[in-house]
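Below is one structure, written out as structure tokens; comments come after it.
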Number of protein chains: 4
Amino acid sequence: MTDPGRSKRRRRVDGELSRERILDAASEIATERGYEGTSIALVSAKCELPASSIYWHFKNKDDLIAAVIERSFASWLNAWQVPDEGTARERVQGLAMQIAKALLESPDFIRLGLMLALERRPIEARARAMFIQARTQAAATLTQTLSELTPGLTETQMRQLVTYAIAGADGLFISNEVDDGAVDLIELFDLHANALYSTALRLLAENAGR
Amino acid sequence: MTDPGRSKRRRRVDGELSRERILDAASEIATERGYEGTSIALVSAKCELPASSIYWHFKNKDDLIAAVIERSFASWLNAWQVPDEGTARERVQGLAMQIAKALLESPDFIRLGLMLALERRPIEARARAMFIQARTQAAATLTQTLSELTPGLTETQMRQLVTYAIAGADGLFISNEVDDGAVDLIELFDLHANALYSTALRLLAENAGR
Amino acid sequence: MTDPGRSKRRRRVDGELSRERILDAASEIATERGYEGTSIALVSAKCELPASSIYWHFKNKDDLIAAVIERSFASWLNAWQVPDEGTARERVQGLAMQIAKALLESPDFIRLGLMLALERRPIEARARAMFIQARTQAAATLTQTLSELTPGLTETQMRQLVTYAIAGADGLFISNEVDDGAVDLIELFDLHANALYSTALRLLAENAGR
Amino acid sequence: MTDPGRSKRRRRVDGELSRERILDAASEIATERGYEGTSIALVSAKCELPASSIYWHFKNKDDLIAAVIERSFASWLNAWQVPDEGTARERVQGLAMQIAKALLESPDFIRLGLMLALERRPIEARARAMFIQARTQAAATLTQTLSELTPGLTETQMRQLVTYAIAGADGLFISNEVDDGAVDLIELFDLHANALYSTALRLLAENAGR
DNA sequence: TATGAATGAGACTTCATTCAT
DNA sequence: AATGAATGAAGTCTCATTCAT
């Protein structure tokens with residue numbers, strides 16, 4: 001005889017488990033094929049739940065992809081912490097390293113987000129918004145960190161520096177995709193960290209010179 | 001009776017005009033919606049030619065998108081020339097400026113190419129290959145220019161520097177897309193040029209130090 | 001411990017309240033969209049009860065729609081009484097007026113019923129039967145009233161007259177729907193009452209003439 | 001060997017023939033099941049053309065149903081002519097008879113139209129508009145005829161009379177549907193014609209009396 | 001007295017592509 | 001140098017209903 005108590009809990013948990021299975025499947029497929037390439041039928045086949053069940057958990061495809069991005073971003077954000085030892089340059093380098101590694105481990109968020117960013121139609125509203133929000137949050141964290149490490153920059157300079165930092169990360173991630181992993185991301189992120197730090201110093205020098 | 005010779009030439013001219021109209025339409029749509037979002041029906045509606053006529057001009061969808069990329073890349077490549085005056089740093093800055101402007105004027109090639117690069121399906125073979133080829137060509141030009149301006153770098157360093165240069169350009173282009181044009185691309189490309197030049201100097205110094 | 005008696009009664013009250021909420025929602029939607037357009041999901045969304053709860057209260061969709069018709073018909077039937085003063089013509093006119101007003105106040109029954117009548121599928125057995133029954137009852141009441149006011153008609157003539165009376169009412173209701181309320185229903189029902197009375201007189205004259 | 005001339009014409013005609021086959025199938029099904037019940041799959045099965053072919057000929061379901069109504073209305077309108085012999089009353093009766101017969105022979109237009117009129121959502125815009133337009137045209141024809149046969153009515157009276165004439169026709173058509181053909185439509189339309197004529201006389205008498 | 005979760009069937013519509021002319 | 005017509009496959013999503021709890 002089955003234990004009714006456990007059976008009950010099992011049931012209630014099943015919903016979240018199904019949701020997770022759907023997200024896993026969608027994440028995997030979206031990584032390979034982008035927003036349009038991620039068909040509900042494909043997701044359904046991969047997670048072994050009928051398409052209609054997917055629609056029980058998510059309002060529509062947009063909603064599903066947004067959830068994928070949300071989850072991947074959360075795990076990505078969790079994966080890095082600002083180092084608190086060493087010289088300023090070393091700490092910038094250390095942070096870059098962590099971001100690089102996190103990107104390699106949770107690439108869905110960026111890959112999907114960049115795809116959505118490059119497309120311009122307003123359909124995938126929620127998914128796109130989710131990516132923008134994630135990006136804004138990352139920029140805020142970065143701004144705070146950099147302003148501690150290189151104090152003295154004007155607000156405009158800071159904004160430029162952060163934009164450039166993120167652009168470099170995006171670009172390097174893409175170069176890794178284009179060359180199919182043949183690029184040494186770790187080393188290039190180090191180059192990027194140094195370039196950023198040098199730039200910060202150059203800007204500070206300019207400020208002092210005026 | 002109509003003059004067959006004139007009729008023939010007329011026909012050929014019309015044919016090329018149709019081809020061009022199709023490419024214009026496809027380019028516009030692909031820019032907005034990416035590879036998957038660019039349906040033949042949509043292109044047909046925009047260029048006002050029946051779908052079957054598109055198949056008269058292009059073997060299939062892949063072929064059409066490849067042609068779009070090819071055309072956009074050609075016009076992009078035409079838009080910049082290496083400056084031959086000023087200090088090395090100034091010439092790097094000048095080149096960056098031109099690339100930035102060219103990107104703003106012929107963005108299809110990059111946008112479409114990046115979309116294809118981020119997706120991983122093997123279907124769009126020809127379109128993808130076209131983008132890779134364009135990129136390789138740009139890298140070659142850049143390598144040659146940079147090795148003239150900062151001689152003394154090892155081959156590996158050069159490759160890294162070029163990869164980083166392209167990554168920065170990609171990333172800045174994307175940041176402009178994400179923020180919907182609110183970013184001052186010209187200024188950021190200048191920052192990028194300076195960062196690149198500083199990096200080159202740093203690497204040269206390292207070489208000398210060893 | 002809670003008082004089981006009170007709890008039970010409370011539960012029954014809640015149950016009936018839920019039932020009523022479902023009927024309200026279904027009624028509103030069915031009025032707008034007809035039988036096929038009234039989906040359980042739509043009703044569920046409007047009454048804010050899960051779809052499965054609707055199935056707790058009603059066997060199936062057919063059963064639900066039948067209940068909607070039943071309720072609306074009951075309230076419609078309650079709204080008119082045969083006038084007992086004035087000349088025969090005046091009393092016919094008075095009755096017509098009441099029917100017209102009742103139709104404007106409880107239109108669901110007629111609207112839904114007519115929709116079902118115009119469709120020919122055998123699926124909505126119960127709902128359709130409910131409408132037919134309502135109509136038969138209305139015809140009986142009308143027959144009795146008219147035979148009091150204009151005695152002397154044969155059974156066949158009476159049946160024709162009643163059919164025509166109902167047809168006119170249906171038709172005028174529809175004309176009001178088609179013209180979106182721009183029609184003066186009250187005045188037209190008066191016209192109808194007079195036409196009916198004149199016809200009755202004509203038929204009586206014919207009977208006398210034979 | 002096939003005659004190329006004939007073959008060519010065959011091809012071109014095939015398009016219209018297919019269109020006609022689709023309309024026939026849709027008409028038959030819509031008559032039985034109404035707008036929502038007319039699924040593209042059902043139509044496809046009945047006309048033996050794939051669903052996608054239906055979409056080559058019609059933009060969407062709304063467009064298809066509108067075309068069905070349009071065609072049925074045209075054939076209905078063609079089926080009656082104002083009689084030009086006999087007394088005014090006889091000519092009104094003759095006209096009513098023709099309209100009744102036409103309704104029995106081309107019922108799609110009314111049945112479908114009434115269904116759409118009773119539903120209130122704005123989705124089937126084109127189909128609904130088509131029905132309203134048909135109705136307006138019928139009303140215009142009727143107005144002209146009646147004003148010839150019973151001159152002297154005010155504009156308002158005329159409008160009322162025509163509205164009532166159409167309402168009666170609608171209602172009788174419906175009574176025939178509800179009672180599943182058990183009603184003698186011809187006789188009732190005669191009753192209706194007489195009621196209309198009597199009403200016209202009554203209104204003229206009122207005008208004279210004032 | 002409910003309800004969260006699920007599901008097979010089917011809805012409308014668009015897809016890339018073909019082929020006879 | 002085209003194009004009208006067609007088509008099988010696949011797209012997203014909603015349907016009425018069930019069932020364990």
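Ordering of the structure tokens sets the chain letters (A, B, ...); residue numbers start at 1 within each chain; ligands are numbered from 1 in the order shown.
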Could you give me, as a Markdown table, every chain C residue with an atom at most 8 Å from chain F, plus its closest atom pair and distance in Å to one decimal, counting only C-alpha atoms (C1' of nucleotides), rows ordered by chain then number?
| residue | atom | partner | partner_atom | distance |
| --- | --- | --- | --- | --- |
| C:Ser39 | CA | F:DC15 | C1' | 7.6 |
| C:Ile40 | CA | F:DA16 | C1' | 7.5 |
| C:Lys61 | CA | F:DA16 | C1' | 7.8 |
Emit the selected residues as a short mmCIF file (atom, residue, chain, number, x, y, z; two decimals), in the first residue's frame, including all heavy atoms.
data_model
loop_
_atom_site.label_atom_id
_atom_site.label_comp_id
_atom_site.auth_asym_id
_atom_site.auth_seq_id
_atom_site.Cartn_x
_atom_site.Cartn_y
_atom_site.Cartn_z
N SER C 39 -16.00 28.72 -24.65
CA SER C 39 -15.10 27.66 -24.20
C SER C 39 -15.05 27.64 -22.68
O SER C 39 -15.21 28.66 -22.01
CB SER C 39 -13.71 27.87 -24.77
OG SER C 39 -13.02 28.85 -24.05
N ILE C 40 -14.80 26.47 -22.16
CA ILE C 40 -14.71 26.31 -20.72
C ILE C 40 -13.59 27.19 -20.16
O ILE C 40 -13.73 27.79 -19.10
CB ILE C 40 -14.44 24.83 -20.37
CG1 ILE C 40 -15.60 23.96 -20.88
CG2 ILE C 40 -14.26 24.65 -18.88
CD1 ILE C 40 -16.90 24.21 -20.21
N LYS C 61 -20.19 20.67 -21.14
CA LYS C 61 -20.48 21.97 -21.70
C LYS C 61 -21.95 22.09 -22.08
O LYS C 61 -22.59 23.12 -21.82
CB LYS C 61 -19.59 22.19 -22.93
CG LYS C 61 -19.57 23.62 -23.41
CD LYS C 61 -18.63 23.75 -24.59
CE LYS C 61 -19.21 24.74 -25.58
NZ LYS C 61 -18.31 24.98 -26.71
#
Please run DSSP on the backbone and report, as an mmCIF file with C-alpha atoms, in the first residue's frame, all residues within chain A that come out as helix (DSSP H, G or I).
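New file out-v2.cif:
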data_model
loop_
_atom_site.group_PDB
_atom_site.id
_atom_site.type_symbol
_atom_site.label_atom_id
_atom_site.label_comp_id
_atom_site.auth_asym_id
_atom_site.auth_seq_id
_atom_site.Cartn_x
_atom_site.Cartn_y
_atom_site.Cartn_z
ATOM 1 C CA PRO A 4 -0.940 8.655 1.177
ATOM 2 C CA GLY A 5 1.116 11.397 2.781
ATOM 3 C CA ARG A 6 4.064 10.877 0.549
ATOM 4 C CA SER A 7 1.901 10.389 -2.482
ATOM 5 C CA LYS A 8 0.286 13.722 -1.807
ATOM 6 C CA ARG A 9 3.540 15.569 -1.579
ATOM 7 C CA ARG A 10 4.763 13.774 -4.671
ATOM 8 C CA ARG A 11 1.812 15.123 -6.600
ATOM 9 C CA ARG A 12 2.293 18.662 -5.572
ATOM 10 C CA VAL A 13 5.979 18.501 -6.345
ATOM 11 C CA ASP A 14 5.323 16.971 -9.767
ATOM 12 C CA GLY A 15 4.133 20.284 -11.075
ATOM 13 C CA GLU A 16 7.387 22.004 -10.353
ATOM 14 C CA LEU A 17 9.327 19.038 -11.562
ATOM 15 C CA SER A 18 7.507 19.139 -14.883
ATOM 16 C CA ARG A 19 8.153 22.834 -15.120
ATOM 17 C CA GLU A 20 11.821 22.211 -14.569
ATOM 18 C CA ARG A 21 11.927 19.463 -17.160
ATOM 19 C CA ILE A 22 10.312 21.751 -19.706
ATOM 20 C CA LEU A 23 12.783 24.520 -18.929
ATOM 21 C CA ASP A 24 15.707 22.139 -19.284
ATOM 22 C CA ALA A 25 14.512 20.967 -22.657
ATOM 23 C CA ALA A 26 13.721 24.451 -23.904
ATOM 24 C CA SER A 27 17.059 25.729 -22.715
ATOM 25 C CA GLU A 28 18.944 23.046 -24.552
ATOM 26 C CA ILE A 29 17.089 23.571 -27.786
ATOM 27 C CA ALA A 30 17.071 27.349 -27.661
ATOM 28 C CA THR A 31 20.818 27.281 -27.193
ATOM 29 C CA GLU A 32 21.203 25.457 -30.468
ATOM 30 C CA ARG A 33 18.520 27.004 -32.577
ATOM 31 C CA GLY A 34 17.490 30.371 -31.252
ATOM 32 C CA TYR A 35 14.058 31.705 -30.552
ATOM 33 C CA GLU A 36 12.359 30.819 -33.814
ATOM 34 C CA GLY A 37 14.077 27.469 -34.015
ATOM 35 C CA ILE A 40 7.069 23.669 -28.967
ATOM 36 C CA ALA A 41 6.969 20.290 -30.660
ATOM 37 C CA LEU A 42 10.729 19.963 -30.249
ATOM 38 C CA VAL A 43 10.582 20.905 -26.595
ATOM 39 C CA SER A 44 7.693 18.536 -26.077
ATOM 40 C CA ALA A 45 9.632 15.674 -27.616
ATOM 41 C CA LYS A 46 12.700 16.372 -25.530
ATOM 42 C CA CYS A 47 10.961 16.701 -22.158
ATOM 43 C CA ALA A 51 2.697 20.156 -25.989
ATOM 44 C CA SER A 52 -0.524 21.004 -24.227
ATOM 45 C CA SER A 53 1.159 20.410 -20.887
ATOM 46 C CA ILE A 54 3.771 22.979 -21.747
ATOM 47 C CA TYR A 55 0.949 25.425 -22.153
ATOM 48 C CA TRP A 56 -0.284 24.604 -18.712
ATOM 49 C CA HIS A 57 2.994 25.799 -17.256
ATOM 50 C CA LYS A 61 6.339 30.517 -26.250
ATOM 51 C CA ASP A 62 7.501 34.000 -25.334
ATOM 52 C CA ASP A 63 6.768 33.284 -21.717
ATOM 53 C CA LEU A 64 8.697 30.027 -21.889
ATOM 54 C CA ILE A 65 11.793 31.582 -23.425
ATOM 55 C CA ALA A 66 11.674 34.428 -20.931
ATOM 56 C CA ALA A 67 11.687 31.870 -18.126
ATOM 57 C CA VAL A 68 14.675 30.139 -19.686
ATOM 58 C CA ILE A 69 16.584 33.400 -19.796
ATOM 59 C CA GLU A 70 15.560 34.287 -16.277
ATOM 60 C CA ARG A 71 16.790 31.006 -14.873
ATOM 61 C CA SER A 72 20.069 31.027 -16.769
ATOM 62 C CA PHE A 73 20.759 34.605 -15.766
ATOM 63 C CA ALA A 74 20.173 33.838 -12.110
ATOM 64 C CA SER A 75 22.648 30.976 -12.165
ATOM 65 C CA TRP A 76 25.150 33.094 -14.091
ATOM 66 C CA LEU A 77 24.907 35.964 -11.664
ATOM 67 C CA ASN A 78 25.404 33.576 -8.783
ATOM 68 C CA ALA A 88 43.430 46.757 -8.266
ATOM 69 C CA ARG A 89 44.608 45.432 -11.628
ATOM 70 C CA GLU A 90 44.715 41.895 -10.265
ATOM 71 C CA ARG A 91 41.259 42.214 -8.860
ATOM 72 C CA VAL A 92 39.899 43.446 -12.204
ATOM 73 C CA GLN A 93 41.628 40.501 -13.857
ATOM 74 C CA GLY A 94 40.178 38.108 -11.294
ATOM 75 C CA LEU A 95 36.683 39.403 -11.844
ATOM 76 C CA ALA A 96 37.035 39.086 -15.624
ATOM 77 C CA MET A 97 38.132 35.510 -15.189
ATOM 78 C CA GLN A 98 35.070 34.665 -13.161
ATOM 79 C CA ILE A 99 32.756 36.276 -15.630
ATOM 80 C CA ALA A 100 34.413 34.382 -18.463
ATOM 81 C CA LYS A 101 34.055 31.075 -16.676
ATOM 82 C CA ALA A 102 30.441 31.783 -15.771
ATOM 83 C CA LEU A 103 29.728 32.563 -19.404
ATOM 84 C CA LEU A 104 31.165 29.244 -20.469
ATOM 85 C CA GLU A 105 29.104 27.422 -17.886
ATOM 86 C CA ASP A 108 22.065 30.211 -22.486
ATOM 87 C CA PHE A 109 21.343 33.550 -21.005
ATOM 88 C CA ILE A 110 23.791 35.412 -23.202
ATOM 89 C CA ARG A 111 23.352 33.437 -26.331
ATOM 90 C CA LEU A 112 19.570 33.646 -26.248
ATOM 91 C CA GLY A 113 19.630 37.218 -25.101
ATOM 92 C CA LEU A 114 21.966 38.325 -27.840
ATOM 93 C CA MET A 115 19.830 36.606 -30.441
ATOM 94 C CA LEU A 116 16.778 38.428 -29.191
ATOM 95 C CA ALA A 117 18.682 41.688 -29.031
ATOM 96 C CA LEU A 118 19.731 41.385 -32.649
ATOM 97 C CA ALA A 125 8.367 41.188 -25.545
ATOM 98 C CA ARG A 126 8.746 39.378 -22.271
ATOM 99 C CA ALA A 127 11.835 37.403 -23.195
ATOM 100 C CA ARG A 128 13.543 40.484 -24.502
ATOM 101 C CA ALA A 129 12.615 42.537 -21.478
ATOM 102 C CA MET A 130 13.997 39.823 -19.247
ATOM 103 C CA PHE A 131 17.337 40.025 -21.016
ATOM 104 C CA ILE A 132 17.488 43.794 -20.827
ATOM 105 C CA GLN A 133 16.730 43.664 -17.132
ATOM 106 C CA ALA A 134 19.436 41.086 -16.563
ATOM 107 C CA ARG A 135 21.894 43.249 -18.427
ATOM 108 C CA THR A 136 20.987 46.353 -16.464
ATOM 109 C CA GLN A 137 21.556 44.473 -13.257
ATOM 110 C CA ALA A 138 24.950 43.218 -14.427
ATOM 111 C CA ALA A 139 25.894 46.750 -15.438
ATOM 112 C CA ALA A 140 24.972 48.056 -12.003
ATOM 113 C CA THR A 141 27.102 45.465 -10.246
ATOM 114 C CA LEU A 142 29.978 46.201 -12.569
ATOM 115 C CA THR A 143 29.689 49.935 -12.088
ATOM 116 C CA GLN A 144 29.885 49.580 -8.344
ATOM 117 C CA THR A 145 32.890 47.300 -8.495
ATOM 118 C CA LEU A 146 34.812 49.421 -10.962
ATOM 119 C CA SER A 147 34.162 52.629 -9.084
ATOM 120 C CA GLU A 148 35.685 51.050 -6.005
ATOM 121 C CA LEU A 149 38.744 49.864 -7.902
ATOM 122 C CA GLU A 155 30.013 59.521 -14.258
ATOM 123 C CA THR A 156 30.143 59.710 -18.039
ATOM 124 C CA GLN A 157 33.520 58.027 -18.126
ATOM 125 C CA MET A 158 32.239 55.341 -15.828
ATOM 126 C CA ARG A 159 29.261 54.682 -18.048
ATOM 127 C CA GLN A 160 31.507 54.442 -21.078
ATOM 128 C CA LEU A 161 33.887 52.123 -19.334
ATOM 129 C CA VAL A 162 31.118 49.791 -18.214
ATOM 130 C CA THR A 163 29.533 49.779 -21.652
ATOM 131 C CA TYR A 164 32.893 48.947 -23.128
ATOM 132 C CA ALA A 165 33.502 46.234 -20.540
ATOM 133 C CA ILE A 166 30.232 44.558 -21.371
ATOM 134 C CA ALA A 167 30.710 45.019 -25.101
ATOM 135 C CA GLY A 168 34.088 43.307 -24.876
ATOM 136 C CA ALA A 169 32.575 40.404 -22.974
ATOM 137 C CA ASP A 170 29.786 40.051 -25.503
ATOM 138 C CA GLY A 171 32.213 40.246 -28.391
ATOM 139 C CA LEU A 172 34.561 37.686 -26.946
ATOM 140 C CA PHE A 173 31.715 35.343 -26.223
ATOM 141 C CA ILE A 174 30.673 35.680 -29.836
ATOM 142 C CA SER A 175 34.172 35.150 -31.178
ATOM 143 C CA ASN A 176 34.198 31.916 -29.249
ATOM 144 C CA GLU A 177 30.930 30.921 -30.892
ATOM 145 C CA VAL A 178 32.014 31.868 -34.384
ATOM 146 C CA LEU A 185 38.534 32.731 -23.974
ATOM 147 C CA ILE A 186 40.346 32.847 -20.645
ATOM 148 C CA GLU A 187 43.384 34.494 -22.112
ATOM 149 C CA LEU A 188 41.356 36.955 -24.115
ATOM 150 C CA PHE A 189 39.313 37.933 -21.095
ATOM 151 C CA ASP A 190 42.588 38.633 -19.353
ATOM 152 C CA LEU A 191 43.594 40.841 -22.260
ATOM 153 C CA HIS A 192 40.260 42.557 -21.947
ATOM 154 C CA ALA A 193 40.697 43.124 -18.212
ATOM 155 C CA ASN A 194 44.084 44.693 -18.807
ATOM 156 C CA ALA A 195 42.792 46.852 -21.609
ATOM 157 C CA LEU A 196 40.000 48.049 -19.348
ATOM 158 C CA TYR A 197 42.360 48.816 -16.522
ATOM 159 C CA SER A 198 44.761 50.665 -18.818
ATOM 160 C CA THR A 199 41.879 52.646 -20.202
ATOM 161 C CA ALA A 200 40.756 53.586 -16.733
ATOM 162 C CA LEU A 201 44.252 54.784 -15.906
ATOM 163 C CA ARG A 202 44.432 56.781 -19.127
ATOM 164 C CA LEU A 203 41.121 58.465 -18.331
ATOM 165 C CA LEU A 204 42.221 59.257 -14.779
ATOM 166 C CA ALA A 205 45.429 60.765 -16.152
ATOM 167 C CA GLU A 206 43.406 62.910 -18.504
ATOM 168 C CA ASN A 207 41.269 64.106 -15.607
ATOM 169 C CA ALA A 208 44.381 65.002 -13.616
ATOM 170 C CA GLY A 209 45.912 66.811 -16.605
#
Pull the closest atom pair for each residue of chain E that gets at most 8 Å from chain C, along with the distance in Å to one decimal, counting only C-alpha atoms (C1' of nucleotides), ordering rows by chain and then ascending residue number, as a Markdown table.
| residue | atom | partner | partner_atom | distance |
| --- | --- | --- | --- | --- |
| E:DT1 | C1' | C:Arg11 | CA | 6.7 |
| E:DA2 | C1' | C:Ser53 | CA | 6.2 |
| E:DT3 | C1' | C:Ser52 | CA | 6.4 |
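Copies chain B and chain A share one sequence; their C-alpha RMSD after superposition is 1.1 Å.
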**OP:** Could you please determine the separation between atom CA of A:Asp184 and atom CA of A:Ser106 in Å, to one decimal place?
**Re:** 17.3 Å
